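Just below is one structure, and these are the notes that go with it.
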Amino acid sequence: MMRYWSKILLAWVVAGGSLTASPLIKVMLLTGVSDERYHSWEMTSAVVKRHLDDAGIFQTELVICPADVEGKRAFSPDWLAYDVIVMVYNDGNWAKDPTEQSEWSYATKQGFKSYVREGGGLVIQHSTNNGFPDWLPFLEMSGVGGWGGRSSDEGRMVVWRDGAPVHLDHESRPRHPPRGDFWVTVRDRRHPITRGLPETWLQPNDEIYTSMRGPAKNLQILATAYSDPSQPRGSAEHEPMLMVIRYGKGRVFHTTLGHCSPGDEEPVASLETAGFKAMMQYGTEWAATGDVTLPPIARR
Ligand SMILES: [Zn+2]
């Protein structure tokens with residue numbers, strides 16, 4: 001009898017079992033600041049939190065940075081208390097007054113940079129990549145981004161051609177075709193974030209960020225969408241929609257998907273697709289731990 005139970009225990013240990021349930025992954029969902037005309041941080045962060053809560057492996061705390069200048073300057077979160085920072089946070093490109101732009105304190109910026117560089121996880125969602133256009137560490141973490149006066153001085157564009165990423169240097173301002181329906185196509189199914197996703201899925205009423213630019217270092221494209229040239233501002237390129245970036249020891253998952261306007265009625269279709277929900281869950285787990293243990297979308 002003892003030998004039987006010893007074998008069971010041994011098999012369980014070999015399989016990676018544990019005497020206690022795995023601790024929940026601590027997530028800071030950082031929000032509260034956006035261009036109020038184009039994006040709703042309130043609705044977007046509420047849906048993202050619901051998606052993360054549904055996964056059952058995260059303990060997600062909504063951290064709201066005050067939007068006024070004094071509030072931003074006093075903002076001083078304990079970055080190290082979290083396994084991953086998920087940003088629904090667009091700071092800087094929209095303020096007419098330069099003194100209102102990107103005004104985290106030096107200490108807060110340094111703390112954030114060190115947190116990611118030393119191995120912290122980071123998730124960048126949609127218009128978050130518009131923010132901090134003059135802060136090089138954030139440009140490097142996001143890889144590429146849009147607006148905020150970005151030009152060829154801020155780096156290269158990255159698109160997908162013939163099965164591989166291609167860097168482009170010509171002048172082209174970040175833009176997007178009108179909001180609409182489009183297919184997202186996974187380009188690398190070996191990555192933990194994408195191996196559980198469908199090969200393609202339809203994103204309804206969303207934006208294809210086009211001609212994004214940035215340092216584009218240590219960046220891997222996981223999924224793309226075609227920016228249709230028959231549409232205004234289309235580029236005729238397969239633009240990156242899901243990316244991962246290595247920043248020091250840190251892991252960054254960057255998705256350009258999930259537009260939500262302040263006037264949108266709930267449910268917001270672009271935030272509610274199975275693909276969007278799953279990739280936010282997978283991307284957050286991967287950024288925090290380097291792997292994905294959540295089941296593939298088809299088996300749910
Ligand atoms: Zn948008």
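In the structure tokens, the first chain shown is A, the next is B, and so on; residue numbers restart at 1 for each chain, and ligands run from 1 in the order shown.
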(message) Residues within 10 Å of Arg195 (chain A), please, as a list in words. Count only C-alpha atoms; anything in the same chain fewer than 4 positions from it doesn't count.
(response) Val186, Asp188, Arg189, Arg190, His191, Glu199, Tyr282, Val292, Pro295, Pro296 and Ile297 of chain A
Extract, using only C-alpha atoms, all DNA, RNA and protein residues at most 6 Å from region 203-218 of chain A, discarding same-chain residues fewer than 6 positions from it, and format them as a count of residues only. 20
Determine, using only C-alpha atoms and all ligand atoms, which residues of chain A have any atom at most 7 Å from an atom of ligand 1, and tabulate each with its shortest atom pair and distance in Å to one decimal place, rows ordered by chain and then rising number, as CSV.
residue,atom,partner,partner_atom_place_in_ligand_line,distance
A:Tyr38,CA,ligand 1,1 (Zn),6.5
A:His39,CA,ligand 1,1 (Zn),6.1
A:His126,CA,ligand 1,1 (Zn),6.5
A:Ser127,CA,ligand 1,1 (Zn),5.7
A:Glu207,CA,ligand 1,1 (Zn),6.1
A:His259,CA,ligand 1,1 (Zn),4.2
A:Cys260,CA,ligand 1,1 (Zn),6.3
Take the residues from that selection and write them out as a PDB file, in the first residue's frame, keeping N, CA, C and O atoms.
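Contents of part.pdb, freshly written:
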ATOM      1  N   TYR A  38     -11.190  60.540 -28.050  1.00  0.00           N
ATOM      2  CA  TYR A  38     -11.194  59.374 -28.926  1.00  0.00           C
ATOM      3  C   TYR A  38     -11.352  58.045 -28.191  1.00  0.00           C
ATOM      4  O   TYR A  38     -11.786  57.059 -28.778  1.00  0.00           O
ATOM      5  N   HIS A  39     -10.913  57.973 -26.965  1.00  0.00           N
ATOM      6  CA  HIS A  39     -10.887  56.674 -26.282  1.00  0.00           C
ATOM      7  C   HIS A  39     -11.479  56.755 -24.886  1.00  0.00           C
ATOM      8  O   HIS A  39     -11.281  57.746 -24.181  1.00  0.00           O
ATOM      9  N   HIS A 126      -3.714  48.874 -27.324  1.00  0.00           N
ATOM     10  CA  HIS A 126      -4.255  49.867 -28.255  1.00  0.00           C
ATOM     11  C   HIS A 126      -3.615  51.251 -28.052  1.00  0.00           C
ATOM     12  O   HIS A 126      -2.423  51.392 -28.237  1.00  0.00           O
ATOM     13  N   SER A 127      -4.406  52.278 -27.682  1.00  0.00           N
ATOM     14  CA  SER A 127      -3.896  53.649 -27.704  1.00  0.00           C
ATOM     15  C   SER A 127      -2.855  53.919 -26.629  1.00  0.00           C
ATOM     16  O   SER A 127      -2.255  55.003 -26.615  1.00  0.00           O
ATOM     17  N   GLU A 207      -9.979  49.299 -35.086  1.00  0.00           N
ATOM     18  CA  GLU A 207      -9.051  50.115 -35.878  1.00  0.00           C
ATOM     19  C   GLU A 207      -7.786  49.314 -36.194  1.00  0.00           C
ATOM     20  O   GLU A 207      -7.232  48.666 -35.302  1.00  0.00           O
ATOM     21  N   HIS A 259     -10.150  49.118 -29.925  1.00  0.00           N
ATOM     22  CA  HIS A 259     -10.586  50.519 -29.842  1.00  0.00           C
ATOM     23  C   HIS A 259     -11.940  50.604 -29.142  1.00  0.00           C
ATOM     24  O   HIS A 259     -12.814  49.769 -29.357  1.00  0.00           O
ATOM     25  N   CYS A 260     -12.115  51.643 -28.335  1.00  0.00           N
ATOM     26  CA  CYS A 260     -13.391  51.915 -27.681  1.00  0.00           C
ATOM     27  C   CYS A 260     -13.558  53.429 -27.551  1.00  0.00           C
ATOM     28  O   CYS A 260     -12.756  54.073 -26.866  1.00  0.00           O
TER      29      CYS A 260
END
With DSSP run on the backbone, what are the strand (DSSP E) residues within region 51-298 of chain A? I'd like them as a PyMOL selection string. chain A and resi 58-64+84-87+121-125+157-161+164-168+180-186+200-206+219-226+238-247+250-255
Let's see if you can do this: from backbone DSSP, list all helix (DSSP H, G or I) residues in region 112-287 of chain A, as a VMD selection string. chain A and resid 112 to 117 126 to 130 136 to 142 152 to 154 269 to 272 274 to 287
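One finds CA of Gly148 (chain A) at 15.1 Å from CA of Glu171 (chain A).
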### Query
What gap, in Å, lies between CA of Val159 (chain A) and CA of Glu239 (chain A)?
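CA of Glu239 (chain A) lies 5.1 Å from CA of Val159 (chain A).
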| message | Could you check the closest approach to Val116 (chain A) for each of A:Val84, A:Ala74, A:Val63, A:Met280 and tell me which residue wins, using only C-alpha atoms? | response |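 Between A:Val84, A:Ala74, A:Val63, A:Met280, the residue approaching Val116 (chain A) most closely is A:Val84.
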